[in-house]
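Since the structure comes first, as structure tokens, the remarks are kept for the end.
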Amino acid sequence: MKLPKIHIGRPQQIAALLLLFFLGECLWVIDRQQLSPADYRYALCGREMWERPSPLAGYFTTCGNLNGDGTMAYRVAGLPLTVQRLVLVGADKFRKPEDRLYVGGSLGGSTWEMRHQISLTGVKFLMHLPFVFFAIWLGGGLWWVCRRLFGDEGAFLSLGLYCFCPTVIRYAVSPNNEILAMWGLYGLVYAAIGVAHALQGPRRKWKPRIGLFVLALGLTASAHLLAAMVGFVAAAGFLFYLAERRRSYVMQILIFSAVGALGIVFASFAFRLAPFSYVFTGGGARFWFSLDAAKGFFASLINAPIAVAAGVAAILYLGVKRCRYFGNTTPLLMVLAVFALTTTQTVSYPWLWALPFLLTFAGGVFADALETKQRRIFVALSIAILLAQVLFCLNTLTSLSRTI
């Protein structure tokens with residue numbers, strides 16, 4: 001498959017500027033953070049996954065079975081520290097034997113050594129920045145999907161609300177599986193739609209997109225099993241709906257994708273059967289239905305502009321026929337499905353996974369409204385919503401650095 005030509009025009013530059021501002025917000029918050037017990041836990045478990053899995057029978061790390069969490073966040077948090085440790089040990093070999101800090105070049109270390117290393121200047125950024133980059137990756141994907149579906153105006157509304165959403169920043173600046181599950185679920189759904197469209201074309205375009213779908217499913221499952229299950233069910237529905245005359249291939253794609261995703265999850269457990277079995281017995285995917293989290297999100301003052309945008313978009317979707325088409329219906333269905341979920345075995349926040357779909361829905365409906373005779377009204381409303389979101393976000397950054 002030939003790679004598409006990269007054209008950097010004015011829309012790409014504006015999107016990059018918004019994402020750069022988002023990066024600046026996250027850096028500002030991280031710089032004022034204090035390391036928490038959760039940081040040490042993610043760093044310790046992550047480093048053990050990369051360096052020396054626990055010898056305890058049935059456990060992958062000394063942190064136990066990770067409280068039902070996926071392994072991905074621990075590996076993401078621990079990888080920069082492991083790489084840094086390798087660099088320190090490599091540089092240590094150039095010192096005189098009597099001046100070396102790591103006797104024998106060992107990567108092992110005591111808890112004190114671990115805490116000393118993580119307390120060094122800059123290590124806090126090493127551990128937190130990977131999650132910021134995943135959030136930026138998601139923002140870029142959100143803009144790309146919205147621009148392909150709705151054009152520049154809808155894409156910039158969605159990306160603007162995303163980059164100045166305090167909730168997104170809060171989860172982007174600390175180690176957690178929620179931001180990774182949000183990234184994975186959004187990519188998984190639209191990767192499946194991409195596979196369905198590819199099935200209508202030549203076969204040479206099938207394998208790359210199916211491979212991307214398998215990778216998205218596996219990484220999402222490594223972050224949170226429930227997010228992967230929801231995405232898999234949604235992907236199956238969209239594939240059967242869009243594949244049309246190629247529906248006979250859908251079941252094969254789903255079976256091979258599920259097997260490939262299990263292989264990725266197995267690899268995330270370093271190919272160890274005992275801890276891998278906990279994926280099936282730990283109850284991390286148990287869920288029920290509740291609207292309490294959704295009510296809390298929309299009732300929060302810092303989310304008021306997004307709530308207004310979503311409310312206006314819902315009214316327009318119900319009242320204006322041109323707004324009811326597949327591009328707008330897809331994210332709306334995902335919002336309705338995910339916002340109502342709540343985990344019963346682990347502490348997770350599925351409502352957060354629905355946020356990119358909510359912003360996609362709002363951007364799509366507003367893009368349709370901007371093509372009507374009432375364009376000026378909706379332009380003014382869009383600008384007012386974005387400005388309000390920017391003000392609320394900037395006013396919340398200081399409190400974010402204190403509460404995380």
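Naming works like this for the structure tokens: A, B, ... for the chains as they're shown, residue 1 at the start of each chain, ligands 1 onward in shown order.
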Who sits within 9 Å of Phe287 (chain A), only C-alpha atoms, same chain under 3 positions skipped, as JSON, numbers by chain: {"A": [226, 284, 341, 342, 343, 344, 345]}
Take the residues just selected and output them with N, CA and C atoms as a CSV table (one decimal), in the first residue's frame.
```csv
chain,number,residue,atom,x,y,z
A,226,LEU,N,-12.6,-4.1,29.2
A,226,LEU,CA,-14.0,-3.7,28.9
A,226,LEU,C,-14.1,-2.8,27.6
A,284,GLY,N,-12.1,-7.8,35.4
A,284,GLY,CA,-11.9,-6.4,35.0
A,284,GLY,C,-12.9,-5.9,34.0
A,341,LEU,N,-22.2,3.0,30.9
A,341,LEU,CA,-21.5,1.9,31.5
A,341,LEU,C,-20.8,2.3,32.8
A,342,THR,N,-20.7,1.3,33.7
A,342,THR,CA,-20.0,1.5,35.0
A,342,THR,C,-19.4,0.2,35.3
A,343,THR,N,-18.1,0.2,35.7
A,343,THR,CA,-17.5,-1.1,36.1
A,343,THR,C,-17.8,-1.4,37.5
A,344,THR,N,-17.9,-2.7,37.8
A,344,THR,CA,-18.3,-3.2,39.1
A,344,THR,C,-17.2,-3.9,39.9
A,345,GLN,N,-16.1,-4.3,39.2
A,345,GLN,CA,-15.1,-5.0,39.8
A,345,GLN,C,-13.8,-4.2,40.0
```
Region 137-153 of chain A surroundings by only C-alpha atoms, 9 Å radius, close-in-sequence under 3 positions cut, as an NGL selection string: :A and (11 or 15-16 or 19 or 132-134 or 156-159 or 162-163 or 182-184 or 186-187 or 190 or 327-328 or 356-357 or 359-361 or 363-368 or 370)
All residues 12 Å or closer to Val259 (chain A), only C-alpha atoms, same chain fewer than 6 positions away omitted, as number ranges by chain: A: 214-215, 217-218, 221, 252-253, 265-266
Pull N, CA, C and O atoms from the residues just selected and write them as a tab-separated table (two decimals), in the first residue's frame.
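Okay, out_24.tsv is ready:
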```tsv
chain	number	residue	atom	x	y	z
A	214	VAL	N	-6.37	-4.97	14.10
A	214	VAL	CA	-5.90	-5.96	15.08
A	214	VAL	C	-5.01	-5.29	16.13
A	214	VAL	O	-5.14	-5.55	17.33
A	215	LEU	N	-4.11	-4.43	15.69
A	215	LEU	CA	-3.23	-3.73	16.62
A	215	LEU	C	-4.03	-2.85	17.58
A	215	LEU	O	-3.77	-2.82	18.79
A	217	LEU	N	-7.15	-3.24	18.49
A	217	LEU	CA	-7.91	-4.09	19.40
A	217	LEU	C	-7.01	-4.65	20.49
A	217	LEU	O	-7.37	-4.67	21.67
A	218	GLY	N	-5.81	-5.10	20.11
A	218	GLY	CA	-4.89	-5.66	21.10
A	218	GLY	C	-4.41	-4.64	22.10
A	218	GLY	O	-4.36	-4.92	23.32
A	221	ALA	N	-7.23	-3.75	24.50
A	221	ALA	CA	-7.41	-4.80	25.49
A	221	ALA	C	-6.30	-4.78	26.53
A	221	ALA	O	-6.53	-5.11	27.70
A	252	GLN	N	-14.68	-13.82	9.35
A	252	GLN	CA	-13.28	-14.25	9.32
A	252	GLN	C	-12.38	-13.16	9.89
A	252	GLN	O	-11.45	-13.44	10.66
A	253	ILE	N	-12.64	-11.92	9.50
A	253	ILE	CA	-11.84	-10.80	9.99
A	253	ILE	C	-11.96	-10.68	11.51
A	253	ILE	O	-10.97	-10.49	12.22
A	265	VAL	N	-2.12	-9.19	23.90
A	265	VAL	CA	-2.29	-9.15	25.36
A	265	VAL	C	-1.37	-10.16	26.04
A	265	VAL	O	-0.75	-9.88	27.08
A	266	PHE	N	-1.25	-11.35	25.44
A	266	PHE	CA	-0.35	-12.37	25.98
A	266	PHE	C	1.08	-11.87	25.98
A	266	PHE	O	1.84	-12.07	26.94
```
For Ala172 (chain A), the nearest of the candidates A:Tyr241, A:Phe22, A:Phe94, A:Trp288, counting only C-alpha atoms: A:Phe22
Leaving out Arg75 (chain A) and any residue of its chain fewer than 5 positions from it, which residues lie within 8 Å of it when counting only C-alpha atoms, given as number ranges by chain? A: 45-47, 49-50
Using only C-alpha atoms, pick whichever of A:Tyr171, A:Trp353, A:Tyr42, A:Phe378 has the shortest atom-to-atom distance to Val189 (chain A). A:Trp353
Spatial neighbours of region 397-399 of chain A, max dist 10 Å, only C-alpha atoms, sep filter under 2 positions, as a list in words: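 These residues fall inside the cut-off: Glu25, Cys26, Trp28, Val29, Arg32, Gln33, Pro166, Ile169, Arg170, Phe392, Cys393, Leu394, Asn395, Ser401, Arg402, Thr403 and Ile404 of chain A.
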Convert the current residue selection to file output with all heavy atoms, as a compact mmCIF listing (two decimals), in the first residue's frame.
```txt
# COMPACT_ATOMS: atom_id res chain seq x y z
N GLU A 25 -0.12 23.28 27.94
CA GLU A 25 -0.96 23.18 29.15
C GLU A 25 -0.54 22.00 30.01
O GLU A 25 -0.43 22.11 31.24
CB GLU A 25 -2.43 23.03 28.73
CG GLU A 25 -3.02 24.23 28.05
CD GLU A 25 -4.42 23.96 27.52
OE1 GLU A 25 -4.65 22.83 27.01
OE2 GLU A 25 -5.28 24.84 27.60
N CYS A 26 -0.33 20.85 29.36
CA CYS A 26 0.05 19.64 30.10
C CYS A 26 1.42 19.81 30.77
O CYS A 26 1.61 19.41 31.92
CB CYS A 26 0.05 18.44 29.17
SG CYS A 26 -1.59 17.98 28.54
N TRP A 28 2.78 22.57 31.73
CA TRP A 28 2.61 23.52 32.84
C TRP A 28 2.08 22.80 34.08
O TRP A 28 2.55 23.04 35.21
CB TRP A 28 1.66 24.63 32.42
CG TRP A 28 1.61 25.79 33.35
CD1 TRP A 28 2.37 26.92 33.31
CD2 TRP A 28 0.73 25.95 34.49
NE1 TRP A 28 2.04 27.76 34.34
CE2 TRP A 28 1.04 27.20 35.09
CE3 TRP A 28 -0.26 25.17 35.04
CZ2 TRP A 28 0.37 27.67 36.19
CZ3 TRP A 28 -0.93 25.63 36.17
CH2 TRP A 28 -0.62 26.88 36.73
N VAL A 29 1.10 21.91 33.89
CA VAL A 29 0.53 21.18 35.02
C VAL A 29 1.55 20.19 35.59
O VAL A 29 1.72 20.09 36.82
CB VAL A 29 -0.76 20.44 34.58
CG1 VAL A 29 -1.28 19.56 35.72
CG2 VAL A 29 -1.84 21.44 34.18
N ARG A 32 4.20 21.51 37.94
CA ARG A 32 3.76 21.90 39.28
C ARG A 32 3.20 20.73 40.08
O ARG A 32 2.70 20.92 41.18
CB ARG A 32 2.69 23.00 39.16
CG ARG A 32 3.31 24.35 38.76
CD ARG A 32 2.31 25.28 38.10
NE ARG A 32 2.95 26.55 37.80
CZ ARG A 32 3.76 26.76 36.76
NH1 ARG A 32 4.04 25.76 35.94
NH2 ARG A 32 4.30 27.95 36.55
N GLN A 33 3.27 19.54 39.54
CA GLN A 33 2.79 18.36 40.25
C GLN A 33 3.80 17.87 41.28
O GLN A 33 5.00 18.11 41.16
CB GLN A 33 2.52 17.22 39.25
CG GLN A 33 1.25 17.36 38.45
CD GLN A 33 1.10 16.20 37.48
OE1 GLN A 33 2.02 15.83 36.79
NE2 GLN A 33 -0.09 15.62 37.45
N PRO A 166 -10.58 20.46 30.55
CA PRO A 166 -9.82 20.14 31.77
C PRO A 166 -9.84 18.65 32.11
O PRO A 166 -8.88 18.13 32.67
CB PRO A 166 -10.53 20.97 32.84
CG PRO A 166 -11.19 22.08 32.10
CD PRO A 166 -11.60 21.48 30.79
N ILE A 169 -7.12 16.96 30.10
CA ILE A 169 -5.80 17.33 30.64
C ILE A 169 -5.53 16.59 31.95
O ILE A 169 -4.42 16.12 32.19
CB ILE A 169 -5.72 18.85 30.85
CG1 ILE A 169 -5.84 19.58 29.50
CG2 ILE A 169 -4.43 19.25 31.54
CD1 ILE A 169 -5.92 21.08 29.61
N ARG A 170 -6.55 16.47 32.77
CA ARG A 170 -6.37 15.81 34.07
C ARG A 170 -5.88 14.38 33.90
O ARG A 170 -4.99 13.93 34.64
CB ARG A 170 -7.70 15.83 34.83
CG ARG A 170 -7.62 15.11 36.16
CD ARG A 170 -8.98 15.08 36.84
NE ARG A 170 -8.92 14.39 38.11
CZ ARG A 170 -9.97 14.14 38.89
NH1 ARG A 170 -11.17 14.55 38.51
NH2 ARG A 170 -9.82 13.51 40.03
N PHE A 392 -12.58 28.68 30.90
CA PHE A 392 -12.79 27.71 31.98
C PHE A 392 -11.56 26.84 32.17
O PHE A 392 -11.15 26.53 33.29
CB PHE A 392 -14.01 26.84 31.69
CG PHE A 392 -15.32 27.52 31.97
CD1 PHE A 392 -15.41 28.90 32.10
CD2 PHE A 392 -16.49 26.79 32.09
CE1 PHE A 392 -16.62 29.52 32.35
CE2 PHE A 392 -17.70 27.40 32.34
CZ PHE A 392 -17.77 28.78 32.47
N CYS A 393 -10.95 26.44 31.06
CA CYS A 393 -9.79 25.55 31.14
C CYS A 393 -8.60 26.26 31.77
O CYS A 393 -7.97 25.72 32.69
CB CYS A 393 -9.43 25.06 29.73
SG CYS A 393 -7.99 23.99 29.68
N LEU A 394 -8.27 27.45 31.28
CA LEU A 394 -7.12 28.18 31.82
C LEU A 394 -7.32 28.52 33.29
O LEU A 394 -6.35 28.56 34.06
CB LEU A 394 -6.90 29.45 31.00
CG LEU A 394 -6.53 29.25 29.52
CD1 LEU A 394 -6.33 30.60 28.83
CD2 LEU A 394 -5.27 28.39 29.39
N ASN A 395 -8.55 28.74 33.69
CA ASN A 395 -8.83 29.06 35.09
C ASN A 395 -8.74 27.82 35.99
O ASN A 395 -8.61 27.95 37.21
CB ASN A 395 -10.24 29.66 35.20
CG ASN A 395 -10.52 30.23 36.57
OD1 ASN A 395 -9.71 30.98 37.11
ND2 ASN A 395 -11.64 29.86 37.15
N SER A 401 -3.22 20.94 38.92
CA SER A 401 -1.89 20.55 39.39
C SER A 401 -1.89 20.22 40.88
O SER A 401 -1.03 19.51 41.37
CB SER A 401 -0.89 21.68 39.12
OG SER A 401 -1.24 22.86 39.83
N ARG A 402 -2.88 20.69 41.61
CA ARG A 402 -2.95 20.43 43.04
C ARG A 402 -3.74 19.17 43.38
O ARG A 402 -3.47 18.52 44.37
CB ARG A 402 -3.61 21.61 43.75
CG ARG A 402 -2.81 22.90 43.67
CD ARG A 402 -3.62 24.07 44.24
NE ARG A 402 -2.89 25.32 44.14
CZ ARG A 402 -3.42 26.51 44.41
NH1 ARG A 402 -4.70 26.59 44.79
NH2 ARG A 402 -2.70 27.61 44.30
N THR A 403 -4.72 18.83 42.52
CA THR A 403 -5.62 17.72 42.85
C THR A 403 -5.14 16.40 42.32
O THR A 403 -5.62 15.35 42.72
CB THR A 403 -7.03 18.00 42.29
OG1 THR A 403 -6.93 18.20 40.86
CG2 THR A 403 -7.63 19.21 42.93
N ILE A 404 -4.19 16.39 41.38
CA ILE A 404 -3.77 15.14 40.77
C ILE A 404 -2.78 14.43 41.68
O ILE A 404 -1.86 15.05 42.15
CB ILE A 404 -3.16 15.39 39.38
CG1 ILE A 404 -4.23 15.95 38.45
CG2 ILE A 404 -2.56 14.14 38.80
CD1 ILE A 404 -3.72 16.39 37.13
```
Selection: 8 Å around region 295-309 of chain A, only C-alpha atoms, excl. self and same-chain fewer than 4 positions, as a list in words: Leu161, Cys165, Pro166, Leu291, Ala313, Leu359, Ala362, Ile385, Leu386, Ala388, Gln389, Phe392, Cys393 and Thr396 of chain A
Could you pull the residues within 10 Å of Ala337 (chain A), counting only C-alpha atoms, minus those fewer than 6 positions along the same chain, as a VMD selection string? chain A and resid 230 234 289 331 350 to 351 354
